[in-house]
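Heads up, the thing below is written out as structure tokens.
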Amino acid sequence: VGLVHAAANTVGLACYTASLAARLSGQHRLGRTLGMAGLGVVSLGAYIGGHLAYKQGAQVSQSISELHLISQGWHALGDMASLPQRQLITKEIDDVSVILYRHGDDVTVMLERCPHQSGPLGQGEVQQVDGHDCVVCPWHGSTFRLNGGEVVHGPSGNDGQVLPTRIRNGMLEARLP
């Protein structure tokens with residue numbers, strides 16, 4: 001479907017380019033015809049692009065919609081000293097599940113829902129990929145770096161949403177990005 005979308009946009013661009021060339025050479029009727037053909041092909045490409053985005057969810061993060069459920073400000077997630085090293089922990093901020101992962105003094109707080117199909121990352125497995133700790137979604141195998149949320153392996157086309165953190169009086173806190 002994506003290939004047809006790209007091809008339609010390419011053909012539409014070619015029609016518009018040919019239309020401009022025809023009009024500049026004085027062939028106005030041919031230019032109008034090519035312009036109308038370009039409009040039709042580009043409209044088809046736009047329809048297919050809408051199908052990709054809204055029906056198939058291509059490159060749409062399924063987890064980002066939860067951000068609006070988190071209130072503004074810093075939210076306490078627990079005592080830093082009680083967080084285990086290199087283990088996934090699931091907590092909640094305003095009824096939104098997040099995962100915590102501590103590596104030394106660095107803690108990552110990421111939305112628990114996989115951006116691909118909302119899989120539970122808190123039930124995922126932690127693996128080393130290219131020297132980085134990563135969480136693997138148990139549903140489809142999308143792999144995300146735990147020190148930034150970047151997608152390492154698909155099928156997810158979007159990074160995991162990481163929340164900014166701070167440590168205040170020994171307590172780990174997170175907030176909206």
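Ordering of the structure tokens sets the chain letters (A, B, ...), residue numbers begin anew at 1 in every chain, and ligands are numbered from 1 in the order given.
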Excluding Val96 (chain A) and its own-chain neighbours fewer than 4 positions away, which residues fall within 12 Å of it when counting only C-alpha atoms? Please give them as a list in words.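 Final neighbour list, sorted by chain and number: Ser63, Ile64, Ser65, Glu66, Leu67, His68, Leu69, Ile70, Ser71, His75, Thr90, Lys91, Glu92, Val109, Met110, Leu111, Glu112, Arg113 and Leu176 of chain A.
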Find the nearest atom pair between each residue of region 45-124 of chain A and region 9-24 of chain A for residues within 10 Å, count only C-alpha atoms, give distances in Å to one decimal, sort rows by chain and ascending number, and present the table as JSON lines.
```
{"residue": "A:Gly45", "atom": "CA", "partner": "A:Asn9", "partner_atom": "CA", "distance": 5.6}
{"residue": "A:Ala46", "atom": "CA", "partner": "A:Asn9", "partner_atom": "CA", "distance": 8.1}
{"residue": "A:Gly49", "atom": "CA", "partner": "A:Asn9", "partner_atom": "CA", "distance": 9.8}
```
Spatial neighbours of His140 (chain A), 8 Å, only C-alpha atoms, chain gap at least 2 places, as a PDB file with all heavy atoms, in the first residue's frame:
```pdb
ATOM      1  N   GLY A 119       1.393  -3.017  23.187  1.00  0.00           N
ATOM      2  CA  GLY A 119       1.837  -4.159  23.982  1.00  0.00           C
ATOM      3  C   GLY A 119       2.386  -3.713  25.327  1.00  0.00           C
ATOM      4  O   GLY A 119       2.868  -2.594  25.482  1.00  0.00           O
ATOM      5  N   CYS A 137       9.275  -5.802  23.308  1.00  0.00           N
ATOM      6  CA  CYS A 137       7.832  -5.950  23.482  1.00  0.00           C
ATOM      7  C   CYS A 137       7.456  -7.421  23.360  1.00  0.00           C
ATOM      8  O   CYS A 137       7.851  -8.082  22.396  1.00  0.00           O
ATOM      9  CB  CYS A 137       7.085  -5.122  22.438  1.00  0.00           C
ATOM     10  SG  CYS A 137       5.284  -5.281  22.552  1.00  0.00           S
ATOM     11  N   PRO A 138       6.683  -7.947  24.317  1.00  0.00           N
ATOM     12  CA  PRO A 138       6.324  -9.365  24.271  1.00  0.00           C
ATOM     13  C   PRO A 138       5.330  -9.712  23.161  1.00  0.00           C
ATOM     14  O   PRO A 138       5.173 -10.865  22.825  1.00  0.00           O
ATOM     15  CB  PRO A 138       5.716  -9.625  25.651  1.00  0.00           C
ATOM     16  CG  PRO A 138       5.215  -8.306  26.111  1.00  0.00           C
ATOM     17  CD  PRO A 138       6.144  -7.279  25.513  1.00  0.00           C
ATOM     18  N   SER A 142       9.107  -5.582  18.986  1.00  0.00           N
ATOM     19  CA  SER A 142       9.735  -4.271  18.839  1.00  0.00           C
ATOM     20  C   SER A 142      10.698  -4.062  20.001  1.00  0.00           C
ATOM     21  O   SER A 142      10.381  -4.382  21.145  1.00  0.00           O
ATOM     22  CB  SER A 142       8.688  -3.154  18.824  1.00  0.00           C
ATOM     23  OG  SER A 142       7.897  -3.233  17.664  1.00  0.00           O
ATOM     24  N   PRO A 155       8.689  -4.281  14.569  1.00  0.00           N
ATOM     25  CA  PRO A 155       7.931  -3.545  13.578  1.00  0.00           C
ATOM     26  C   PRO A 155       7.552  -2.109  13.946  1.00  0.00           C
ATOM     27  O   PRO A 155       7.020  -1.389  13.118  1.00  0.00           O
ATOM     28  CB  PRO A 155       6.676  -4.392  13.394  1.00  0.00           C
ATOM     29  CG  PRO A 155       6.484  -5.090  14.685  1.00  0.00           C
ATOM     30  CD  PRO A 155       7.873  -5.327  15.207  1.00  0.00           C
TER      31      PRO A 155
END
```
Counting only C-alpha atoms, figure out which residue out of A:Thr143, A:Gln27, A:Asn169, A:Ser82 gets nearest to Val126 (chain A).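 Distance minimum relative to Val126 (chain A) lands on A:Thr143.
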Between A:Ser118, A:Thr108, A:Gln123, A:Ser25, which has the minimum distance to Ile167 (chain A) (counting only C-alpha atoms)?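 Among the listed residues, the smallest separation from Ile167 (chain A) belongs to A:Thr108.
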What parts of region 27-161 of chain A does DSSP call strand (DSSP E or B)? I'd like the answer as a ChimeraX atom specification. /A:75-79,85,88-93,96-103,106-111,113,120,125-129,132-136,143-145,151-153
I'd like the contact shell of Arg102 (chain A) - 9 Å cut-off, only C-alpha atoms, skipping same-chain residues fewer than 3 positions apart - returned as a PyMOL selection string. chain A and resi 83-88+105-108
Residues from the last selection, C-alpha atoms, saved as a tab-separated table (two decimals), in the first residue's frame:
```
chain	number	residue	atom	x	y	z
A	83	LEU	CA	14.86	0.76	42.91
A	84	PRO	CA	16.60	-2.46	41.85
A	85	GLN	CA	19.44	-2.34	39.34
A	86	ARG	CA	18.76	-3.45	35.75
A	87	GLN	CA	15.21	-4.68	36.28
A	88	LEU	CA	11.98	-3.41	34.76
A	105	ASP	CA	22.48	6.35	38.91
A	106	ASP	CA	20.56	6.73	35.63
A	107	VAL	CA	16.86	5.88	35.62
A	108	THR	CA	14.67	5.73	32.53
```
Interatomic distance (Å, one decimal) between CA of Arg145 (chain A) and CA of Gly2 (chain A): 27.0 Å
